[in-house]
$ cat start_36.cif   # mmCIF, C-alpha atoms
data_entry
loop_
_atom_site.label_atom_id
_atom_site.label_comp_id
_atom_site.auth_asym_id
_atom_site.auth_seq_id
_atom_site.Cartn_x
_atom_site.Cartn_y
_atom_site.Cartn_z
CA MET Z 18 -159.35 -29.93 44.32
CA VAL Z 19 -158.57 -26.59 45.91
CA ASP Z 20 -155.62 -24.57 44.65
CA ALA Z 21 -152.95 -23.38 47.08
CA PRO Z 22 -153.74 -19.92 48.43
CA ALA Z 23 -151.34 -17.02 48.38
CA GLY Z 24 -148.68 -17.21 51.06
CA GLY Z 25 -147.77 -20.86 50.38
CA VAL Z 26 -150.17 -22.53 52.79
CA LEU Z 27 -151.03 -26.05 51.70
CA PRO Z 28 -154.82 -26.29 51.53
CA VAL Z 29 -157.11 -29.10 52.50
CA ARG Z 30 -157.57 -30.55 49.03
CA THR Z 31 -160.24 -33.03 49.97
CA VAL Z 32 -162.46 -34.35 52.72
CA ARG Z 33 -162.61 -38.13 52.94
CA SER Z 34 -164.27 -40.88 54.84
CA VAL Z 35 -162.01 -43.28 56.73
CA ASP Z 36 -162.49 -45.99 54.11
CA GLU Z 37 -161.69 -43.58 51.27
CA HIS Z 38 -158.46 -42.49 52.93
CA VAL Z 39 -157.49 -46.09 53.72
CA ALA Z 40 -157.89 -46.96 50.04
CA ALA Z 41 -155.84 -43.94 48.96
CA VAL Z 42 -152.99 -44.79 51.35
CA ILE Z 43 -152.90 -48.50 50.49
CA ALA Z 44 -152.62 -47.56 46.82
CA LEU Z 45 -149.24 -45.93 47.55
CA GLY Z 46 -147.42 -49.26 47.68
CA GLY Z 47 -147.59 -52.92 46.75
CA PRO Z 48 -145.83 -56.08 47.95
CA LEU Z 49 -142.07 -55.64 48.13
CA PRO Z 50 -139.68 -57.97 46.25
CA ALA Z 51 -139.25 -61.56 47.38
CA GLU Z 52 -136.22 -63.04 49.05
CA ARG Z 53 -135.37 -66.48 50.39
CA VAL Z 54 -134.63 -66.72 54.12
CA VAL Z 55 -133.76 -69.56 56.45
CA LEU Z 56 -136.71 -70.91 58.39
CA ALA Z 57 -135.52 -69.35 61.65
CA ALA Z 58 -135.89 -65.90 60.05
CA ALA Z 59 -139.32 -66.49 58.49
CA ALA Z 60 -141.57 -65.70 61.48
CA GLY Z 61 -143.64 -62.60 60.89
CA ARG Z 62 -142.95 -62.59 57.16
CA ALA Z 63 -145.51 -63.11 54.39
CA LEU Z 64 -144.96 -65.92 51.93
CA ALA Z 65 -144.22 -64.87 48.36
CA ALA Z 66 -145.31 -68.20 46.85
CA ASP Z 67 -147.37 -71.26 47.71
CA VAL Z 68 -145.48 -73.91 49.66
CA ARG Z 69 -145.96 -77.63 48.97
CA SER Z 70 -145.07 -80.49 51.25
CA THR Z 71 -142.11 -82.65 50.26
CA VAL Z 72 -143.33 -85.58 52.38
CA ASP Z 73 -146.42 -87.29 53.73
CA LEU Z 74 -147.39 -86.38 57.29
CA PRO Z 75 -147.14 -88.71 59.07
CA PRO Z 76 -144.52 -90.25 56.75
CA TRP Z 77 -145.57 -93.76 57.87
CA ASP Z 78 -148.26 -95.32 60.04
CA SER Z 79 -147.34 -94.40 63.61
CA SER Z 80 -148.56 -95.11 67.10
CA ALA Z 81 -150.71 -92.46 68.81
CA MET Z 82 -149.79 -93.74 72.30
CA ASP Z 83 -147.64 -96.11 74.32
CA GLY Z 84 -148.93 -99.65 74.02
CA TYR Z 85 -148.77 -102.75 71.88
CA ALA Z 86 -149.06 -103.17 68.12
CA VAL Z 87 -151.58 -105.96 67.69
CA ARG Z 88 -153.66 -107.97 65.28
CA VAL Z 89 -157.23 -107.25 66.44
CA ALA Z 90 -158.29 -110.82 65.61
CA ASP Z 91 -155.93 -112.07 68.36
CA LEU Z 92 -157.51 -109.95 71.08
CA GLY Z 93 -160.02 -110.98 73.70
CA PRO Z 94 -160.48 -110.17 77.38
CA GLY Z 95 -158.02 -112.30 79.36
CA ALA Z 96 -155.94 -113.32 76.34
CA VAL Z 97 -152.21 -113.64 77.02
CA LEU Z 98 -149.86 -112.92 74.12
CA ASP Z 99 -146.10 -113.03 73.64
CA VAL Z 100 -144.24 -109.70 73.35
CA VAL Z 101 -141.78 -110.40 70.53
CA ASP Z 102 -140.12 -107.01 70.05
CA ASP Z 103 -139.91 -103.36 71.19
CA VAL Z 104 -140.18 -100.43 68.77
CA PRO Z 105 -139.31 -97.03 70.25
CA ALA Z 106 -139.73 -93.73 68.41
CA GLY Z 107 -136.94 -93.34 65.87
CA ASP Z 108 -136.54 -97.08 65.26
CA THR Z 109 -135.77 -97.53 61.55
CA ARG Z 110 -135.99 -101.34 61.40
CA ALA Z 111 -138.60 -103.20 59.38
CA VAL Z 112 -140.53 -105.04 62.12
CA GLU Z 113 -143.54 -107.34 61.71
CA VAL Z 114 -146.15 -108.56 64.19
CA PRO Z 115 -146.67 -112.31 63.82
CA ALA Z 116 -150.07 -113.85 64.41
CA GLY Z 117 -150.75 -114.56 68.09
CA ALA Z 118 -148.12 -112.09 69.35
CA VAL Z 119 -147.66 -108.36 69.93
CA VAL Z 120 -144.89 -105.78 69.59
CA ARG Z 121 -144.48 -103.14 72.25
CA VAL Z 122 -144.52 -99.63 70.68
CA MET Z 123 -144.02 -96.12 72.00
CA THR Z 124 -145.87 -92.94 71.04
CA GLY Z 125 -144.67 -91.76 67.63
CA ALA Z 126 -143.01 -95.05 66.75
CA PRO Z 127 -143.69 -96.74 63.39
CA VAL Z 128 -146.47 -99.32 63.56
CA PRO Z 129 -145.01 -102.71 62.57
CA ALA Z 130 -146.27 -104.50 59.50
CA GLY Z 131 -149.15 -106.87 60.13
CA ALA Z 132 -150.59 -104.82 63.01
CA ASP Z 133 -153.99 -103.23 62.51
CA ALA Z 134 -154.35 -101.39 65.86
CA VAL Z 135 -152.43 -100.24 68.92
CA LEU Z 136 -153.66 -101.52 72.27
CA PRO Z 137 -152.99 -98.90 74.99
CA VAL Z 138 -150.83 -100.10 77.85
CA GLU Z 139 -153.63 -99.03 80.23
CA LEU Z 140 -155.81 -101.86 78.85
CA THR Z 141 -153.18 -104.51 79.76
CA ASP Z 142 -151.07 -105.65 82.68
CA GLY Z 143 -148.08 -103.89 81.09
CA GLY Z 144 -146.07 -107.03 80.58
CA THR Z 145 -142.76 -106.96 78.69
CA VAL Z 146 -142.34 -110.68 77.92
CA ARG Z 147 -145.97 -111.75 77.90
CA VAL Z 148 -148.91 -109.39 78.19
CA ARG Z 149 -152.44 -109.97 79.45
CA VAL Z 150 -155.24 -108.25 77.53
CA ASP Z 151 -157.83 -106.68 79.86
CA ASP Z 152 -159.96 -105.03 77.16
CA VAL Z 153 -160.08 -104.90 73.38
CA VAL Z 154 -159.94 -102.17 70.71
CA ALA Z 155 -161.35 -101.91 67.21
CA GLY Z 156 -159.31 -102.11 64.04
CA GLY Z 157 -157.40 -98.89 63.31
CA ALA Z 158 -157.52 -97.73 66.92
CA ASN Z 159 -154.67 -95.44 68.00
CA VAL Z 160 -152.91 -95.59 64.65
CA ARG Z 161 -151.96 -92.37 62.86
CA ARG Z 162 -152.18 -93.28 59.18
CA ARG Z 163 -149.54 -92.24 56.71
CA GLY Z 164 -150.51 -88.97 55.03
CA GLU Z 165 -153.69 -88.45 57.09
CA ASP Z 166 -152.53 -84.90 57.91
CA VAL Z 167 -150.68 -83.88 54.73
CA ARG Z 168 -149.86 -85.62 51.47
CA ALA Z 169 -146.62 -85.02 49.60
CA GLY Z 170 -147.29 -82.37 46.98
CA ASP Z 171 -150.16 -80.74 48.91
CA VAL Z 172 -150.14 -76.94 49.21
CA VAL Z 173 -149.70 -76.46 52.95
CA LEU Z 174 -149.37 -72.65 53.02
CA HIS Z 175 -150.40 -70.04 50.47
CA ALA Z 176 -148.78 -66.90 49.12
CA GLY Z 177 -149.75 -64.04 51.41
CA ASP Z 178 -149.94 -66.19 54.55
CA VAL Z 179 -147.99 -64.62 57.39
CA VAL Z 180 -145.68 -67.15 59.02
CA GLY Z 181 -146.46 -67.70 62.68
CA ALA Z 182 -145.04 -70.22 65.11
CA GLY Z 183 -147.41 -72.96 63.92
CA ALA Z 184 -146.48 -72.31 60.32
CA VAL Z 185 -142.77 -72.53 61.18
CA GLY Z 186 -143.43 -75.97 62.64
CA LEU Z 187 -145.38 -77.04 59.56
CA LEU Z 188 -142.67 -75.80 57.20
CA ALA Z 189 -140.03 -77.71 59.13
CA ALA Z 190 -142.13 -80.87 59.28
CA THR Z 191 -142.80 -80.78 55.53
CA GLY Z 192 -139.10 -80.54 54.72
CA HIS Z 193 -138.39 -76.84 54.14
CA PRO Z 194 -135.14 -75.45 55.58
CA ASP Z 195 -135.82 -72.08 53.94
CA VAL Z 196 -138.74 -70.26 52.36
CA GLU Z 197 -139.48 -67.43 49.93
CA VAL Z 198 -140.98 -64.36 51.60
CA HIS Z 199 -141.48 -60.71 50.79
CA ARG Z 200 -138.94 -58.23 52.08
CA ARG Z 201 -139.99 -56.34 55.19
CA PRO Z 202 -140.94 -52.68 54.56
CA ARG Z 203 -138.36 -50.24 55.94
CA VAL Z 204 -139.95 -47.45 57.96
CA ALA Z 205 -138.51 -44.17 59.19
CA VAL Z 206 -140.35 -42.14 61.82
CA LEU Z 207 -139.91 -38.36 62.04
CA SER Z 208 -141.44 -36.42 64.93
CA THR Z 209 -141.67 -32.66 64.50
CA GLY Z 210 -141.88 -30.03 67.23
CA SER Z 211 -139.58 -27.57 68.93
CA GLU Z 212 -141.17 -28.54 72.24
CA LEU Z 213 -139.92 -32.14 72.09
CA VAL Z 214 -137.09 -33.43 74.27
CA ALA Z 215 -135.80 -36.96 74.75
CA PRO Z 216 -137.41 -39.17 77.41
CA GLY Z 217 -135.48 -38.77 80.63
CA ASP Z 218 -134.21 -35.27 79.87
CA ARG Z 219 -135.21 -32.54 82.29
CA LEU Z 220 -138.30 -30.68 81.10
CA ARG Z 221 -138.32 -26.91 80.91
CA HIS Z 222 -141.52 -24.89 80.81
CA GLY Z 223 -143.31 -25.57 77.51
CA GLN Z 224 -141.45 -28.79 76.76
CA ILE Z 225 -142.68 -32.41 76.65
CA HIS Z 226 -140.99 -35.76 76.34
CA GLU Z 227 -141.10 -37.12 72.80
CA SER Z 228 -143.38 -40.16 72.81
CA ASN Z 229 -144.78 -40.46 69.28
CA GLY Z 230 -141.54 -41.70 67.76
CA PRO Z 231 -141.04 -44.64 70.15
CA GLN Z 232 -144.75 -45.44 70.05
CA LEU Z 233 -144.97 -45.53 66.26
CA ALA Z 234 -141.69 -47.41 65.93
CA ALA Z 235 -143.08 -50.13 68.20
CA ALA Z 236 -146.32 -50.22 66.20
CA ALA Z 237 -144.41 -50.48 62.91
CA GLU Z 238 -142.28 -53.35 64.18
CA ALA Z 239 -145.40 -55.15 65.43
CA ALA Z 240 -146.89 -54.74 61.95
CA GLY Z 241 -143.88 -56.56 60.46
CA ALA Z 242 -141.73 -53.62 59.38
CA ASP Z 243 -138.06 -52.89 59.98
CA VAL Z 244 -137.66 -49.48 61.62
CA VAL Z 245 -134.52 -47.88 60.21
CA ALA Z 246 -134.70 -44.51 61.98
CA VAL Z 247 -136.59 -42.63 64.69
CA GLU Z 248 -135.70 -38.94 64.60
CA VAL Z 249 -136.90 -35.58 65.89
CA VAL Z 250 -136.70 -32.25 64.06
CA ARG Z 251 -137.57 -28.74 65.20
CA ASP Z 252 -140.32 -26.64 63.65
CA ASP Z 253 -138.28 -25.53 60.67
CA VAL Z 254 -139.43 -26.16 57.10
CA ASP Z 255 -135.94 -26.48 55.63
CA GLY Z 256 -134.93 -28.83 58.43
CA VAL Z 257 -137.99 -30.99 57.83
CA ARG Z 258 -137.33 -31.11 54.08
CA ALA Z 259 -133.73 -32.14 54.63
CA ALA Z 260 -134.76 -34.81 57.13
CA LEU Z 261 -137.40 -36.20 54.76
CA HIS Z 262 -134.90 -36.62 51.95
CA ALA Z 263 -132.27 -38.17 54.20
CA LEU Z 264 -134.77 -40.65 55.62
CA ALA Z 265 -136.27 -41.46 52.22
CA ALA Z 266 -132.86 -42.70 51.09
CA ARG Z 267 -133.07 -45.38 53.77
CA ALA Z 268 -136.77 -46.18 53.95
CA ASP Z 269 -139.70 -47.43 51.90
CA VAL Z 270 -142.12 -45.27 53.91
CA VAL Z 271 -141.57 -42.15 56.01
CA VAL Z 272 -144.09 -41.52 58.79
CA THR Z 273 -144.20 -38.07 60.37
CA THR Z 274 -146.09 -36.78 63.38
CA GLY Z 275 -147.20 -33.21 63.98
CA GLY Z 276 -147.34 -30.23 61.68
CA VAL Z 277 -150.19 -31.35 59.40
CA SER Z 278 -152.97 -28.97 60.35
CA VAL Z 279 -153.62 -25.36 59.28
CA GLY Z 280 -151.67 -23.50 61.96
CA ALA Z 281 -148.80 -21.08 61.50
CA TYR Z 282 -146.13 -23.62 62.54
CA ASP Z 283 -147.36 -26.71 60.71
CA VAL Z 284 -144.04 -27.41 59.05
CA VAL Z 285 -144.76 -30.84 57.55
CA ARG Z 286 -147.59 -29.28 55.60
CA ASP Z 287 -145.29 -26.57 54.24
CA ALA Z 288 -142.45 -29.02 53.55
CA LEU Z 289 -144.74 -31.23 51.49
CA LEU Z 290 -146.05 -28.20 49.63
CA ALA Z 291 -142.48 -27.26 48.78
CA GLU Z 292 -141.90 -30.77 47.44
CA GLY Z 293 -144.74 -30.22 44.99
CA ASP Z 294 -146.56 -33.51 45.55
CA GLY Z 295 -148.28 -33.33 48.90
CA TYR Z 296 -151.72 -32.55 50.17
CA LEU Z 297 -153.75 -32.37 53.33
CA VAL Z 298 -156.84 -34.42 54.00
CA HIS Z 299 -159.56 -33.88 56.55
CA VAL Z 300 -160.76 -37.39 57.38
CA ARG Z 301 -164.20 -37.65 58.90
CA MET Z 302 -162.97 -39.38 62.06
CA GLN Z 303 -162.22 -38.66 65.70
CA PRO Z 304 -159.44 -38.66 66.70
CA GLY Z 305 -157.20 -38.07 63.69
CA LYS Z 306 -159.03 -35.62 61.46
CA PRO Z 307 -155.95 -33.87 59.95
CA GLN Z 308 -153.77 -36.08 57.76
CA ALA Z 309 -151.11 -35.38 55.13
CA VAL Z 310 -149.92 -37.42 52.18
CA GLY Z 311 -146.92 -36.84 49.98
CA VAL Z 312 -144.64 -38.66 47.57
CA LEU Z 313 -141.04 -37.49 47.34
CA ALA Z 314 -139.19 -37.22 44.06
CA ASP Z 315 -137.64 -40.67 44.50
CA GLY Z 316 -141.11 -42.19 44.91
CA THR Z 317 -141.00 -42.66 48.69
CA PRO Z 318 -144.41 -42.06 50.25
CA VAL Z 319 -144.68 -39.75 53.25
CA LEU Z 320 -147.63 -40.14 55.60
CA GLY Z 321 -148.14 -37.19 57.92
CA LEU Z 322 -150.04 -38.02 61.11
CA PRO Z 323 -151.35 -35.63 63.76
CA GLY Z 324 -149.08 -34.76 66.67
CA ASN Z 325 -151.37 -35.62 69.56
CA PRO Z 326 -150.32 -39.09 70.72
CA VAL Z 327 -153.72 -40.79 70.63
CA SER Z 328 -154.53 -39.25 67.23
CA SER Z 329 -151.15 -40.40 65.97
CA PHE Z 330 -151.65 -43.94 67.24
CA VAL Z 331 -155.18 -44.32 65.89
CA SER Z 332 -154.12 -42.83 62.55
CA PHE Z 333 -151.27 -45.32 62.32
CA GLU Z 334 -153.63 -48.21 63.02
CA MET Z 335 -156.21 -47.10 60.47
CA PHE Z 336 -153.94 -45.94 57.63
CA VAL Z 337 -150.25 -46.76 57.99
CA ARG Z 338 -150.53 -50.32 59.27
CA PRO Z 339 -152.64 -51.53 56.30
CA LEU Z 340 -150.08 -50.04 53.89
CA LEU Z 341 -147.21 -51.77 55.70
CA ARG Z 342 -149.07 -55.08 55.69
CA ARG Z 343 -149.68 -54.72 51.95
CA MET Z 344 -145.99 -53.99 51.36
CA LEU Z 345 -145.13 -56.99 53.53
CA GLY Z 346 -147.17 -59.09 51.09
CA ALA Z 347 -149.80 -60.15 53.63
CA ARG Z 348 -153.12 -61.27 52.20
CA HIS Z 349 -155.06 -59.76 55.10
CA VAL Z 350 -154.00 -56.17 55.77
CA HIS Z 351 -156.64 -55.09 58.29
CA ARG Z 352 -157.00 -55.89 61.96
CA ARG Z 353 -159.50 -58.50 63.10
CA ARG Z 354 -162.97 -57.05 63.71
CA LEU Z 355 -165.34 -58.35 66.38
CA THR Z 356 -168.84 -57.63 67.57
CA ALA Z 357 -168.92 -56.81 71.28
CA THR Z 358 -171.51 -55.70 73.80
CA LEU Z 359 -171.05 -52.10 74.93
CA ALA Z 360 -170.61 -51.78 78.70
CA ASP Z 361 -171.63 -48.11 79.04
CA ASP Z 362 -173.59 -45.50 77.09
CA LEU Z 363 -171.55 -43.43 74.66
CA ARG Z 364 -172.15 -40.37 72.52
CA SER Z 365 -170.41 -39.56 69.27
CA PRO Z 366 -170.23 -36.39 67.14
CA ALA Z 367 -172.47 -36.33 64.08
CA GLY Z 368 -170.59 -36.73 60.81
CA ARG Z 369 -167.42 -38.16 62.43
CA ARG Z 370 -166.50 -41.82 62.70
CA GLN Z 371 -165.36 -42.16 66.27
CA LEU Z 372 -162.72 -44.67 67.36
CA LEU Z 373 -162.75 -45.05 71.12
CA ARG Z 374 -160.11 -46.89 73.10
CA ALA Z 375 -161.51 -49.86 75.00
CA ARG Z 376 -160.77 -52.92 77.06
CA LEU Z 377 -162.45 -56.27 76.36
CA ASP Z 378 -163.88 -58.51 79.06
CA TRP Z 379 -164.24 -62.13 77.89
CA SER Z 380 -165.34 -63.59 81.23
CA THR Z 381 -168.84 -64.35 79.94
CA GLY Z 382 -167.52 -66.05 76.81
CA THR Z 383 -168.42 -63.16 74.47
CA PRO Z 384 -166.59 -59.82 74.48
CA VAL Z 385 -167.88 -56.85 76.46
CA ALA Z 386 -166.25 -53.54 75.47
CA ALA Z 387 -165.67 -50.90 78.15
CA THR Z 388 -164.24 -47.62 76.91
CA VAL Z 389 -161.21 -46.20 78.73
CA GLY Z 390 -160.52 -42.49 79.02
CA GLY Z 391 -162.44 -39.81 77.21
CA PRO Z 392 -162.31 -38.71 73.58
CA GLY Z 393 -159.31 -36.43 74.21
CA SER Z 394 -156.40 -37.11 71.88
CA HIS Z 395 -153.78 -36.50 74.58
CA LEU Z 396 -154.85 -39.27 77.02
CA LEU Z 397 -151.92 -41.66 76.76
CA GLY Z 398 -152.68 -43.30 80.09
CA ALA Z 399 -155.98 -44.59 78.74
CA LEU Z 400 -154.42 -45.62 75.43
CA ALA Z 401 -151.89 -47.82 77.22
CA ARG Z 402 -154.76 -49.76 78.85
CA ALA Z 403 -156.67 -50.29 75.61
CA VAL Z 404 -156.68 -53.52 73.61
CA ALA Z 405 -159.35 -52.51 71.10
CA LEU Z 406 -161.06 -49.62 69.34
CA VAL Z 407 -164.84 -49.27 69.47
CA ASP Z 408 -165.81 -48.20 65.95
CA VAL Z 409 -168.82 -45.86 65.88
CA PRO Z 410 -170.15 -44.98 62.39
CA GLU Z 411 -170.40 -41.39 61.16
CA ASP Z 412 -174.19 -41.31 61.32
CA VAL Z 413 -174.50 -42.66 64.88
CA THR Z 414 -174.56 -40.15 67.74
CA HIS Z 415 -175.64 -42.36 70.65
CA VAL Z 416 -175.13 -46.01 71.54
CA ALA Z 417 -176.84 -47.40 74.64
CA ALA Z 418 -175.17 -49.74 77.09
CA GLY Z 419 -175.89 -53.34 76.18
CA SER Z 420 -175.96 -52.63 72.45
CA PRO Z 421 -173.78 -54.53 69.97
CA VAL Z 422 -170.84 -52.49 68.67
CA ALA Z 423 -168.13 -53.09 66.11
CA VAL Z 424 -164.68 -53.47 67.66
CA ILE Z 425 -161.21 -53.44 66.10
CA ASP Z 426 -158.97 -55.87 67.98
CA LEU Z 427 -155.53 -54.33 68.54
CA ARG Z 428 -153.89 -57.54 69.73
CA GLU Z 429 -151.55 -59.27 67.32
CA HIS Z 430 -152.96 -62.23 65.41
CA TRP Z 431 -150.97 -64.20 62.83
#
$ encode --input "start_36.cif" --output "structure tokens"
Amino acid sequence: MVDAPAGGVLPVRTVRSVDEHVAAVIALGGPLPAERVVLAAAAGRALAADVRSTVDLPPWDSSAMDGYAVRVADLGPGAVLDVVDDVPAGDTRAVEVPAGAVVRVMTGAPVPAGADAVLPVELTDGGTVRVRVDDVVAGGANVRRRGEDVRAGDVVLHAGDVVGAGAVGLLAATGHPDVEVHRRPRVAVLSTGSELVAPGDRLRHGQIHESNGPQLAAAAEAAGADVVAVEVVRDDVDGVRAALHALAARADVVVTTGGVSVGAYDVVRDALLAEGDGYLVHVRMQPGKPQAVGVLADGTPVLGLPGNPVSSFVSFEMFVRPLLRRMLGARHVHRRRLTATLADDLRSPAGRRQLLRARLDWSTGTPVAATVGGPGSHLLGALARAVALVDVPEDVTHVAAGSPVAVIDLREHW
């Protein structure tokens, strides 16, 4: 570690690889406490405990299609059988198929006792009093057996699974009106810079619309967090310190943008130095080399990201999102990684892991990655078109078109 130099400038205390910094950031927090929520509020949350089914699925033998519950021994091409009853879905009666007869059943209806198959209506004349059999089926055909999907007592979802739409349906079907999940992490976003003005305000010379706050708030919500504040503060150390403490009282994590390099007006750096438990990191990546980490006196972690919008976004994806997913209680904290074919040649700086924005073309059945925009960390137009990051290792300086490349998929996957 490097000691702070005279004049109060926070030094770069370490140089890290991307993976080293990811590990250091994830270590700042663990899964948040559990709470029980109604099923309608469970989507996007991570389960805090295994969930077992309370019932068999299906709960009884049921028909897979509209047709006739039959005894296979009675069937034969041209046979004519009496239709002795109708069983629609939701019928709770105890019905039986007598020998030499059939019962008309609808999709999802219980299969009557005595039947060993369902004959589709398409293989008959569709009769309602007597029915002619035009073709036969084997025993067990078109019957969904009790418990063939899930047995009562089976673990249907595991702790750490993130509840998606399919999981909500499964939880409802297995008898769960509510479920135990981890609390969502509360995130506050603080953008620093005297040049920042609100979107829509008239720009004066030297000013820009503040975009990092809304961008990171959207990314945090997509990661499963609750965003409790999105604020802007001028380049003033005391103002930044006051804002950090106010936000920490409301949040589990404070994310800042700007002010984390070695310039004269890098106020987040100086504010974290004044707090006594902050440091800068130079991560061997492009974009996003300068990062800051701090822990306030109350234990709230502060993650300082670069101010350039692409650097800020990529830094969030690589470092902040995994921490939020860990706090959410998710078992898988990293984005899905794919192997794609590179559409065009690219070059990368030696000793820096480069993360290039890209689009993915799936028209051939396997992904082809085409980079969008250049390496500049200010190119928001290109970032908005990207759905992936091409991940180029530190020791690779050139990748030819047609080569396989690692890709981080930025689309949401449950």
$ closest_atom_pairs --input "start_36.cif" --of "range 243-356 of chain Z" --to "range 52-66 of chain Z" --cutoff "9 Å" --atoms "all atoms listed in the file" --output "CSV"
residue,atom,partner,partner_atom,distance
Z:Arg342,CA,Z:Ala63,CA,8.9
Z:Leu345,CA,Z:Ala63,CA,6.2
Z:Gly346,CA,Z:Ala63,CA,5.5
Z:Ala347,CA,Z:Ala63,CA,5.3
Z:Arg348,CA,Z:Ala63,CA,8.1
$ write_last_selection --input "start_36.cif" --atoms "C-alpha atoms" --output "PDB file, in the coordinates of the input"
ATOM      1  CA  ARG Z 342    -149.070 -55.080  55.690  1.00  0.00           C
ATOM      2  CA  LEU Z 345    -145.130 -56.990  53.530  1.00  0.00           C
ATOM      3  CA  GLY Z 346    -147.170 -59.090  51.090  1.00  0.00           C
ATOM      4  CA  ALA Z 347    -149.800 -60.150  53.630  1.00  0.00           C
ATOM      5  CA  ARG Z 348    -153.120 -61.270  52.200  1.00  0.00           C
TER       6      ARG Z 348
END
$ resolve_selection --input "start_36.cif" --expression "the PyMOL selection byres ((chain Z and resi 267) around 12)" --output "MDAnalysis selection string"
chainID Z and resid 202:206 243:247 260:266 268:271 315 317
$ residues_around --input "start_36.cif" --residues "Val310 in chain Z" --least-positions-apart "5" --cutoff "9 Å" --atoms "all atoms listed in the file" --output "ChimeraX atom specification"
/Z:42,289,294-298,318-322
$ atom_distance --input "start_36.cif" --atom1 "CA of Val100 in chain Z" --atom2 "CA of Val148 in chain Z"
6.7 Å
$ atom_distance --input "start_36.cif" --atom1 "CA of Thr274 in chain Z" --atom2 "CA of Met302 in chain Z"
17.1 Å
$ resolve_selection --input "start_36.cif" --expression "the PyMOL selection byres ((chain Z and resi 229) around 9)" --output "PDB file with C-alpha atoms, keeping the file's coordinate frame"
ATOM      1  CA  VAL Z 206    -140.350 -42.140  61.820  1.00  0.00           C
ATOM      2  CA  LEU Z 207    -139.910 -38.360  62.040  1.00  0.00           C
ATOM      3  CA  SER Z 208    -141.440 -36.420  64.930  1.00  0.00           C
ATOM      4  CA  GLU Z 227    -141.100 -37.120  72.800  1.00  0.00           C
ATOM      5  CA  SER Z 228    -143.380 -40.160  72.810  1.00  0.00           C
ATOM      6  CA  GLY Z 230    -141.540 -41.700  67.760  1.00  0.00           C
ATOM      7  CA  PRO Z 231    -141.040 -44.640  70.150  1.00  0.00           C
ATOM      8  CA  GLN Z 232    -144.750 -45.440  70.050  1.00  0.00           C
ATOM      9  CA  LEU Z 233    -144.970 -45.530  66.260  1.00  0.00           C
ATOM     10  CA  ALA Z 234    -141.690 -47.410  65.930  1.00  0.00           C
ATOM     11  CA  THR Z 274    -146.090 -36.780  63.380  1.00  0.00           C
ATOM     12  CA  GLY Z 324    -149.080 -34.760  66.670  1.00  0.00           C
ATOM     13  CA  ASN Z 325    -151.370 -35.620  69.560  1.00  0.00           C
ATOM     14  CA  PRO Z 326    -150.320 -39.090  70.720  1.00  0.00           C
ATOM     15  CA  SER Z 329    -151.150 -40.400  65.970  1.00  0.00           C
ATOM     16  CA  PHE Z 330    -151.650 -43.940  67.240  1.00  0.00           C
TER      17      PHE Z 330
END
$ atom_distance --input "start_36.cif" --atom1 "CA of Pro366 in chain Z" --atom2 "CA of Thr388 in chain Z"
16.0 Å
$ closest_residue --input "start_36.cif" --among "Z:Glu197, Z:Thr358, Z:Pro50, Z:Ala111" --to "Gly382 in chain Z" --atoms "all atoms listed in the file"
Z:Thr358
$ closest_residue --input "start_36.cif" --among "Z:Ala90, Z:Val409, Z:Val128, Z:Met335" --to "Leu363 in chain Z" --atoms "only C-alpha atoms"
Z:Val409
$ closest_residue --input "start_36.cif" --among "Z:Glu238, Z:Asp73, Z:Asp252, Z:Asp108" --to "Ala190 in chain Z" --atoms "all atoms listed in the file"
Z:Asp73
$ residues_around --input "start_36.cif" --residues "Pro76 in chain Z" --least-positions-apart "4" --cutoff "12 Å" --atoms "only C-alpha atoms" --output "JSON, numbers by chain"
{"Z": [70, 71, 72, 125, 126, 127, 128, 161, 162, 163, 164, 165, 166, 167, 168, 169, 190, 191, 192]}
$ resolve_selection --input "start_36.cif" --expression "the PyMOL selection byres ((chain Z and resi 142-147) around 7)" --output "list in words"
Val97, Leu98, Asp99, Val100, Val138, Thr141, Val148 and Arg149 of chain Z
$ closest_residue --input "start_36.cif" --among "Z:Ala184, Z:Val407, Z:Val250, Z:Ala399" --to "Ala215 in chain Z" --atoms "all atoms listed in the file"
Z:Val250
